[in-house]
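Peer 1: Pasting a structure here, questions to come.
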Amino acid sequence: MADTAGFDVIILGGGSGGYAAAFRASELGMNVALVEKDKLGGTCLHYGCIPTKALLHAAEIADNSRDSAQFGVKTSFEGIDMPGVNSYKDGVVGRMYKGLQGLFKANKVTVIEGEGRLVAPNAVEVGGTRYEARNVILATGSRSRSLPGLDIDGAQVISSYEALTLDRVPASAVVLGGGVIGVEFASVWRSFGADVTIVEALPRLVPAEDAAASKVVERAFRKRGIGFKTGVRFAGVEKRDGGVTVSLENGETIDAELLLVAVGRGPVTENLGFEENGVTLDRGFVVTDERLRTGVPNVYAVGDIVPGLQLAHRGFAHGIFVAEEIAGLNPVPVDELGIPKVTYCDPEVASVGLTEEQAKERLGDDKVETLEYGLGGNGKSQILKTQGFAKLVREKDGPVIGLHLVGARVGELIAEAQLIYNWEAMPHEVAQLIHPHPTQSEALGEAHLALAGKPLHVHG
């Protein structure tokens, strides 16, 4: 077995968390190696965020083509060319991948191709070669999960991975899971013309979001013809020629061409030497403190393998944090509640901070104040013909502690919302800011004006 030493940092995994740590550590003067068994960029770039958003944009174009007459534009919708859609999607991914490869070279990060395994607190083995470093960062990411006894065959029962590479639009689909991944694919396929039914065991769609946001999404999905069954559990699936029959615990059955399993993602930590070298796992996740230390000196973990939100931008922030922690810069820990979330279905859902329910659990019902500003009062939203709201959750006589947005393109507003939350802004402080007209950002301004006691465009 060969030995290769001399790195300040070695990173297992080249996704958002891994490469952010690599680039920041390199900027700070460290000698960095990164191990990746697949493609640099990880799930987000190749099998998640970027390709799914490309599909969602194509879906938006399809809907605009069908409905263009309402804007006085005459077009004809002829159908979906899935090879063309996939070519567009793959082109976006390919360009971003090429750019990322260039950044690795520019940052002088040593890329080691292959599957890495932790063999000591300061060493990783790849293909029989041992690489040592003063610090190790675990960034091995996540994979699609399934339910016990539910096998994903990649043909009739598929995960999001296969859904991204379909060469056709399914005539019908059952989507198991009404969270982010489930509602995004349901939204795409419905726009492409498929008959879609979502099955969610919890009482509402996007159950991690504020209950009011769920209601708006459900209302919009009904109008779009997307079926959903909430508060009911999956019982089994029977494969047959040309499709599947999905059975539910309440006795109902649903026939469809395929079943998409979208019940979340699990950590990739098995058989990688973590536990053998003292790293504590809990249900497969790596246990860390708030500074992302594993308990083994100089071994850190970032991204989806750390319990919490499984978001690319969270992993990215983790990676930067750990690189700066290793460099002794004493960075501020990443606040889970301060991380913005976006679900890119139609309508979009975006949020940061506490939901109304969470705020009341923490502070008590009488200590929480909320306000909903409907997008019907917003000029740009009228132009876009979108419905939804901006909802604020405030500690009574205190700062805004939660912001929840639903409507077309609201994902672009969440950056300002996260500043409001993270800087613990008071409503009157945001109210005095000037928002450009006509933009949807005015909805945030108007909502804060109302919460500050001086409503202008709020209808009773």
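Starting from 1 in every chain, residues are counted up; chains themselves are A, B, ... following the order of the structure tokens, and ligands are numbered from 1 as listed.
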Would you pick out the contacts of A:Gln358 at 12 Å or less, using only C-alpha atoms, so that residues sharing its chain but fewer than 6 positions from it are not included, and give the list as a PyMOL selection string?

Peer 2: chain A and resi 208-211+337+364-365+368+393-395+401-402

Peer 1: For the alpha helix (DSSP H) assignment from backbone DSSP, which residues of stretch 101-337 of chain A qualify? Please present them as a PyMOL selection string.

Peer 2: chain A and resi 101-106+160-163+180-192+211-224+312-326

Peer 1: Under the rule of at most 12 Å, produce a per-residue listing of stretch 285-331 of chain A near stretch 180-187 of chain A: chain, number, name, the closest pair of atoms, and the distance in Å, as a Markdown table, using only C-alpha atoms.

Peer 2:
```
| residue | atom | partner | partner_atom | distance |
| --- | --- | --- | --- | --- |
| A:Leu309 | CA | A:Val180 | CA | 11.6 |
| A:Gln310 | CA | A:Val180 | CA | 10.8 |
| A:Leu311 | CA | A:Val180 | CA | 10.8 |
```

Peer 1: May I have the selected residues written with C-alpha atoms, as an mmCIF file, in the first residue's frame?

Peer 2:
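Below you can see again36.cif, which holds the result:
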```cif
data_model
loop_
_atom_site.group_PDB
_atom_site.id
_atom_site.type_symbol
_atom_site.label_atom_id
_atom_site.label_comp_id
_atom_site.auth_asym_id
_atom_site.auth_seq_id
_atom_site.Cartn_x
_atom_site.Cartn_y
_atom_site.Cartn_z
ATOM 1 C CA LEU A 309 -31.988 20.455 6.515
ATOM 2 C CA GLN A 310 -30.684 18.659 3.447
ATOM 3 C CA LEU A 311 -30.005 21.641 1.225
#
```

Peer 1: Kindly indicate which residue among A:Leu164, A:Val263, A:Val217, A:Ile434 lies nearest to A:Leu202, using only C-alpha atoms for the distances.

Peer 2: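 For A:Leu202, the nearest of the candidates is A:Val263.
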
Peer 1: Using DSSP secondary structure from the backbone, list all strand (DSSP E or B) positions within stretch 357-401 of chain A, as a PyMOL selection string.

Peer 2: chain A and resi 368-374+389-395+400-401

Peer 1: Compile the contact shell of A:Val406 as a PyMOL selection string: residues with an atom at most 10 Å away, counting only C-alpha atoms, same-chain residues fewer than 3 positions apart removed.

Peer 2: chain A and resi 212-214+216-217+342-343+346-351+374-375+386-391+409-411

Peer 1: Please list as a PyMOL selection string every residue within 7 Å of A:Gly15, counting only C-alpha atoms and excluding residues in the same chain fewer than 4 positions away.

Peer 2: chain A and resi 19+40-43

Peer 1: Could you take the residues named above and write them with all heavy atoms, as a PDB file, in the first residue's frame?

Peer 2:
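Contents of the output file result-v3.pdb:
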```pdb
ATOM      1  N   TYR A  19     -16.763  20.810  -1.930  1.00  0.00           N
ATOM      2  CA  TYR A  19     -15.967  21.718  -2.756  1.00  0.00           C
ATOM      3  C   TYR A  19     -15.900  23.123  -2.163  1.00  0.00           C
ATOM      4  O   TYR A  19     -14.890  23.828  -2.353  1.00  0.00           O
ATOM      5  CB  TYR A  19     -16.408  21.696  -4.215  1.00  0.00           C
ATOM      6  CG  TYR A  19     -17.614  22.501  -4.624  1.00  0.00           C
ATOM      7  CD1 TYR A  19     -17.602  23.893  -4.624  1.00  0.00           C
ATOM      8  CD2 TYR A  19     -18.770  21.867  -5.095  1.00  0.00           C
ATOM      9  CE1 TYR A  19     -18.703  24.627  -5.043  1.00  0.00           C
ATOM     10  CE2 TYR A  19     -19.870  22.600  -5.506  1.00  0.00           C
ATOM     11  CZ  TYR A  19     -19.826  23.982  -5.482  1.00  0.00           C
ATOM     12  OH  TYR A  19     -20.908  24.711  -5.900  1.00  0.00           O
ATOM     13  N   LEU A  40     -17.453  15.792  -9.788  1.00  0.00           N
ATOM     14  CA  LEU A  40     -17.368  16.985  -8.953  1.00  0.00           C
ATOM     15  C   LEU A  40     -18.660  17.788  -9.082  1.00  0.00           C
ATOM     16  O   LEU A  40     -19.180  17.973 -10.174  1.00  0.00           O
ATOM     17  CB  LEU A  40     -16.179  17.839  -9.377  1.00  0.00           C
ATOM     18  CG  LEU A  40     -14.795  17.185  -9.226  1.00  0.00           C
ATOM     19  CD1 LEU A  40     -13.720  18.060  -9.870  1.00  0.00           C
ATOM     20  CD2 LEU A  40     -14.475  16.927  -7.756  1.00  0.00           C
ATOM     21  N   GLY A  41     -19.157  18.249  -7.972  1.00  0.00           N
ATOM     22  CA  GLY A  41     -20.441  18.947  -7.958  1.00  0.00           C
ATOM     23  C   GLY A  41     -21.515  18.154  -7.263  1.00  0.00           C
ATOM     24  O   GLY A  41     -22.516  18.712  -6.803  1.00  0.00           O
ATOM     25  N   GLY A  42     -21.333  16.840  -7.209  1.00  0.00           N
ATOM     26  CA  GLY A  42     -22.223  15.988  -6.437  1.00  0.00           C
ATOM     27  C   GLY A  42     -23.668  15.951  -6.907  1.00  0.00           C
ATOM     28  O   GLY A  42     -23.992  16.293  -8.048  1.00  0.00           O
ATOM     29  N   THR A  43     -24.534  15.537  -5.995  1.00  0.00           N
ATOM     30  CA  THR A  43     -25.950  15.357  -6.304  1.00  0.00           C
ATOM     31  C   THR A  43     -26.590  16.635  -6.812  1.00  0.00           C
ATOM     32  O   THR A  43     -27.329  16.628  -7.801  1.00  0.00           O
ATOM     33  CB  THR A  43     -26.705  14.858  -5.056  1.00  0.00           C
ATOM     34  OG1 THR A  43     -26.232  13.546  -4.722  1.00  0.00           O
ATOM     35  CG2 THR A  43     -28.206  14.791  -5.308  1.00  0.00           C
TER      36      THR A  43
END
```

Peer 1: I'd like to know which of A:Pro331, A:Gly141, A:Gly177, A:Gly453 is closest to A:Gly303, using only C-alpha atoms.

Peer 2: A:Gly141

Peer 1: Could you list, as a short mmCIF file (atom, residue, chain, number, x, y, z; two decimals) with N, CA, C and O atoms, in the first residue's frame, every residue within 7 Å of A:Asp255, counting only C-alpha atoms and ignoring same-chain residues fewer than 3 positions away?

Peer 2:
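Result file is selection_30.cif:
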```
data_model
loop_
_atom_site.label_atom_id
_atom_site.label_comp_id
_atom_site.auth_asym_id
_atom_site.auth_seq_id
_atom_site.Cartn_x
_atom_site.Cartn_y
_atom_site.Cartn_z
N VAL A 244 -48.44 0.18 -12.73
CA VAL A 244 -48.43 -0.27 -11.34
C VAL A 244 -49.79 0.00 -10.72
O VAL A 244 -50.54 0.88 -11.18
N THR A 245 -50.10 -0.76 -9.70
CA THR A 245 -51.28 -0.48 -8.87
C THR A 245 -50.77 -0.22 -7.45
O THR A 245 -50.17 -1.10 -6.83
N VAL A 246 -51.00 0.98 -6.98
CA VAL A 246 -50.55 1.38 -5.66
C VAL A 246 -51.71 1.25 -4.69
O VAL A 246 -52.82 1.74 -4.95
#
```

Peer 1: Do you have the atom CA of A:Leu329-atom CA of A:Glu416 distance handy?

Peer 2: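 Interatomic distance here is 26.7 Å.
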
Peer 1: Suppose you want the space between atom CA of A:Leu258 and atom CA of A:Ser191; what is it in Å?

Peer 2: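 Pair atom CA of A:Leu258 / atom CA of A:Ser191 returns 17.0 Å.
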
Peer 1: From the set A:Ala256, A:Tyr344, A:Tyr300, A:Pro148, which residue has the shortest atom-to-atom contact distance to A:Glu412, counting only C-alpha atoms?

Peer 2: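 Among the listed residues, the smallest separation from A:Glu412 belongs to A:Tyr344.
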
Peer 1: Any idea what the distance is between atom CA of A:Val302 and atom CA of A:Ala106?

Peer 2: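 Atom CA of A:Val302 sits 23.0 Å away from atom CA of A:Ala106.
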
Peer 1: Nearest residue to A:Ala408 out of A:His448, A:Lys454, A:His435, A:Lys385, using only C-alpha atoms?

Peer 2: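 Closest candidate: A:Lys385.
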
Peer 1: Give me, as a VMD selection string, all polymer residues having an atom no more than 10 Å from A:Ala155, counting only C-alpha atoms and skipping those fewer than 3 positions away in the same chain.

Peer 2: chain A and resid 152 158 to 159 162 to 163 166 243 257 to 260

Peer 1: Store the residues picked out above, limited to all heavy atoms, as a PDB file, in the first residue's frame.

Peer 2:
```pdb
ATOM      1  N   ILE A 152     -36.942  -0.101  -5.368  1.00  0.00           N
ATOM      2  CA  ILE A 152     -36.906   0.763  -6.544  1.00  0.00           C
ATOM      3  C   ILE A 152     -36.232  -0.003  -7.675  1.00  0.00           C
ATOM      4  O   ILE A 152     -35.054  -0.360  -7.575  1.00  0.00           O
ATOM      5  CB  ILE A 152     -36.141   2.069  -6.220  1.00  0.00           C
ATOM      6  CG1 ILE A 152     -36.911   2.862  -5.157  1.00  0.00           C
ATOM      7  CG2 ILE A 152     -35.927   2.897  -7.476  1.00  0.00           C
ATOM      8  CD1 ILE A 152     -36.168   4.067  -4.626  1.00  0.00           C
ATOM      9  N   ILE A 158     -39.588   4.164  -9.411  1.00  0.00           N
ATOM     10  CA  ILE A 158     -38.373   4.934  -9.663  1.00  0.00           C
ATOM     11  C   ILE A 158     -38.088   5.930  -8.538  1.00  0.00           C
ATOM     12  O   ILE A 158     -38.965   6.260  -7.747  1.00  0.00           O
ATOM     13  CB  ILE A 158     -38.453   5.688 -11.009  1.00  0.00           C
ATOM     14  CG1 ILE A 158     -39.550   6.766 -10.977  1.00  0.00           C
ATOM     15  CG2 ILE A 158     -38.680   4.715 -12.163  1.00  0.00           C
ATOM     16  CD1 ILE A 158     -39.584   7.654 -12.213  1.00  0.00           C
ATOM     17  N   SER A 159     -36.856   6.394  -8.494  1.00  0.00           N
ATOM     18  CA  SER A 159     -36.462   7.474  -7.596  1.00  0.00           C
ATOM     19  C   SER A 159     -36.317   8.754  -8.422  1.00  0.00           C
ATOM     20  O   SER A 159     -36.505   8.748  -9.652  1.00  0.00           O
ATOM     21  CB  SER A 159     -35.122   7.137  -6.924  1.00  0.00           C
ATOM     22  OG  SER A 159     -34.071   7.171  -7.887  1.00  0.00           O
ATOM     23  N   GLU A 162     -33.943   8.394 -11.578  1.00  0.00           N
ATOM     24  CA  GLU A 162     -34.517   7.908 -12.851  1.00  0.00           C
ATOM     25  C   GLU A 162     -35.507   8.908 -13.429  1.00  0.00           C
ATOM     26  O   GLU A 162     -35.623   9.042 -14.652  1.00  0.00           O
ATOM     27  CB  GLU A 162     -35.204   6.556 -12.656  1.00  0.00           C
ATOM     28  CG  GLU A 162     -34.265   5.383 -12.386  1.00  0.00           C
ATOM     29  CD  GLU A 162     -33.877   5.254 -10.919  1.00  0.00           C
ATOM     30  OE1 GLU A 162     -34.573   5.836 -10.057  1.00  0.00           O
ATOM     31  OE2 GLU A 162     -32.869   4.583 -10.644  1.00  0.00           O
ATOM     32  N   ALA A 163     -36.220   9.627 -12.548  1.00  0.00           N
ATOM     33  CA  ALA A 163     -37.193  10.619 -13.019  1.00  0.00           C
ATOM     34  C   ALA A 163     -36.520  11.707 -13.846  1.00  0.00           C
ATOM     35  O   ALA A 163     -37.123  12.264 -14.764  1.00  0.00           O
ATOM     36  CB  ALA A 163     -37.939  11.227 -11.838  1.00  0.00           C
ATOM     37  N   LEU A 166     -35.888  10.294 -17.629  1.00  0.00           N
ATOM     38  CA  LEU A 166     -36.950   9.692 -18.429  1.00  0.00           C
ATOM     39  C   LEU A 166     -36.926  10.236 -19.856  1.00  0.00           C
ATOM     40  O   LEU A 166     -36.754  11.439 -20.062  1.00  0.00           O
ATOM     41  CB  LEU A 166     -38.315   9.969 -17.811  1.00  0.00           C
ATOM     42  CG  LEU A 166     -38.750   9.142 -16.599  1.00  0.00           C
ATOM     43  CD1 LEU A 166     -40.121   9.601 -16.136  1.00  0.00           C
ATOM     44  CD2 LEU A 166     -38.773   7.656 -16.929  1.00  0.00           C
ATOM     45  N   GLY A 243     -47.716  -0.796 -16.178  1.00  0.00           N
ATOM     46  CA  GLY A 243     -47.998   0.104 -15.070  1.00  0.00           C
ATOM     47  C   GLY A 243     -47.890  -0.534 -13.704  1.00  0.00           C
ATOM     48  O   GLY A 243     -47.354  -1.635 -13.541  1.00  0.00           O
ATOM     49  N   GLU A 257     -48.905   4.634 -14.588  1.00  0.00           N
ATOM     50  CA  GLU A 257     -47.815   4.075 -15.395  1.00  0.00           C
ATOM     51  C   GLU A 257     -46.596   3.784 -14.530  1.00  0.00           C
ATOM     52  O   GLU A 257     -45.900   2.795 -14.729  1.00  0.00           O
ATOM     53  CB  GLU A 257     -47.445   5.041 -16.516  1.00  0.00           C
ATOM     54  CG  GLU A 257     -46.354   4.517 -17.443  1.00  0.00           C
ATOM     55  CD  GLU A 257     -46.026   5.489 -18.557  1.00  0.00           C
ATOM     56  OE1 GLU A 257     -46.926   6.230 -19.003  1.00  0.00           O
ATOM     57  OE2 GLU A 257     -44.849   5.507 -18.992  1.00  0.00           O
ATOM     58  N   LEU A 258     -46.335   4.671 -13.575  1.00  0.00           N
ATOM     59  CA  LEU A 258     -45.173   4.460 -12.704  1.00  0.00           C
ATOM     60  C   LEU A 258     -45.392   5.081 -11.327  1.00  0.00           C
ATOM     61  O   LEU A 258     -46.272   5.914 -11.128  1.00  0.00           O
ATOM     62  CB  LEU A 258     -43.896   5.006 -13.349  1.00  0.00           C
ATOM     63  CG  LEU A 258     -43.825   6.460 -13.810  1.00  0.00           C
ATOM     64  CD1 LEU A 258     -43.535   7.389 -12.646  1.00  0.00           C
ATOM     65  CD2 LEU A 258     -42.737   6.625 -14.859  1.00  0.00           C
ATOM     66  N   LEU A 259     -44.549   4.649 -10.398  1.00  0.00           N
ATOM     67  CA  LEU A 259     -44.551   5.160  -9.032  1.00  0.00           C
ATOM     68  C   LEU A 259     -43.215   5.837  -8.773  1.00  0.00           C
ATOM     69  O   LEU A 259     -42.156   5.210  -8.928  1.00  0.00           O
ATOM     70  CB  LEU A 259     -44.756   4.016  -8.031  1.00  0.00           C
ATOM     71  CG  LEU A 259     -44.541   4.346  -6.543  1.00  0.00           C
ATOM     72  CD1 LEU A 259     -45.556   5.356  -6.045  1.00  0.00           C
ATOM     73  CD2 LEU A 259     -44.579   3.068  -5.690  1.00  0.00           C
ATOM     74  N   LEU A 260     -43.256   7.111  -8.409  1.00  0.00           N
ATOM     75  CA  LEU A 260     -42.053   7.834  -8.013  1.00  0.00           C
ATOM     76  C   LEU A 260     -41.968   7.829  -6.491  1.00  0.00           C
ATOM     77  O   LEU A 260     -42.885   8.299  -5.810  1.00  0.00           O
ATOM     78  CB  LEU A 260     -42.092   9.280  -8.522  1.00  0.00           C
ATOM     79  CG  LEU A 260     -41.028  10.220  -7.939  1.00  0.00           C
ATOM     80  CD1 LEU A 260     -39.624   9.757  -8.317  1.00  0.00           C
ATOM     81  CD2 LEU A 260     -41.261  11.655  -8.397  1.00  0.00           C
TER      82      LEU A 260
END
```

Peer 1: If you count only C-alpha atoms, which residues fall within 12 Å of A:Glu446, apart from same-chain ones fewer than 3 positions away, as a ChimeraX atom specification?

Peer 2: /A:371-375,377-379,389-392,427-428,430-437,439-443,449-459

Peer 1: In terms of the shortest atom-to-atom distance over only C-alpha atoms, which of A:Val196, A:Ala33, A:Ala359, A:Leu56 is closest to A:Val126?

Peer 2: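 Ranking A:Val196, A:Ala33, A:Ala359, A:Leu56 by distance to A:Val126, first place goes to A:Ala33.
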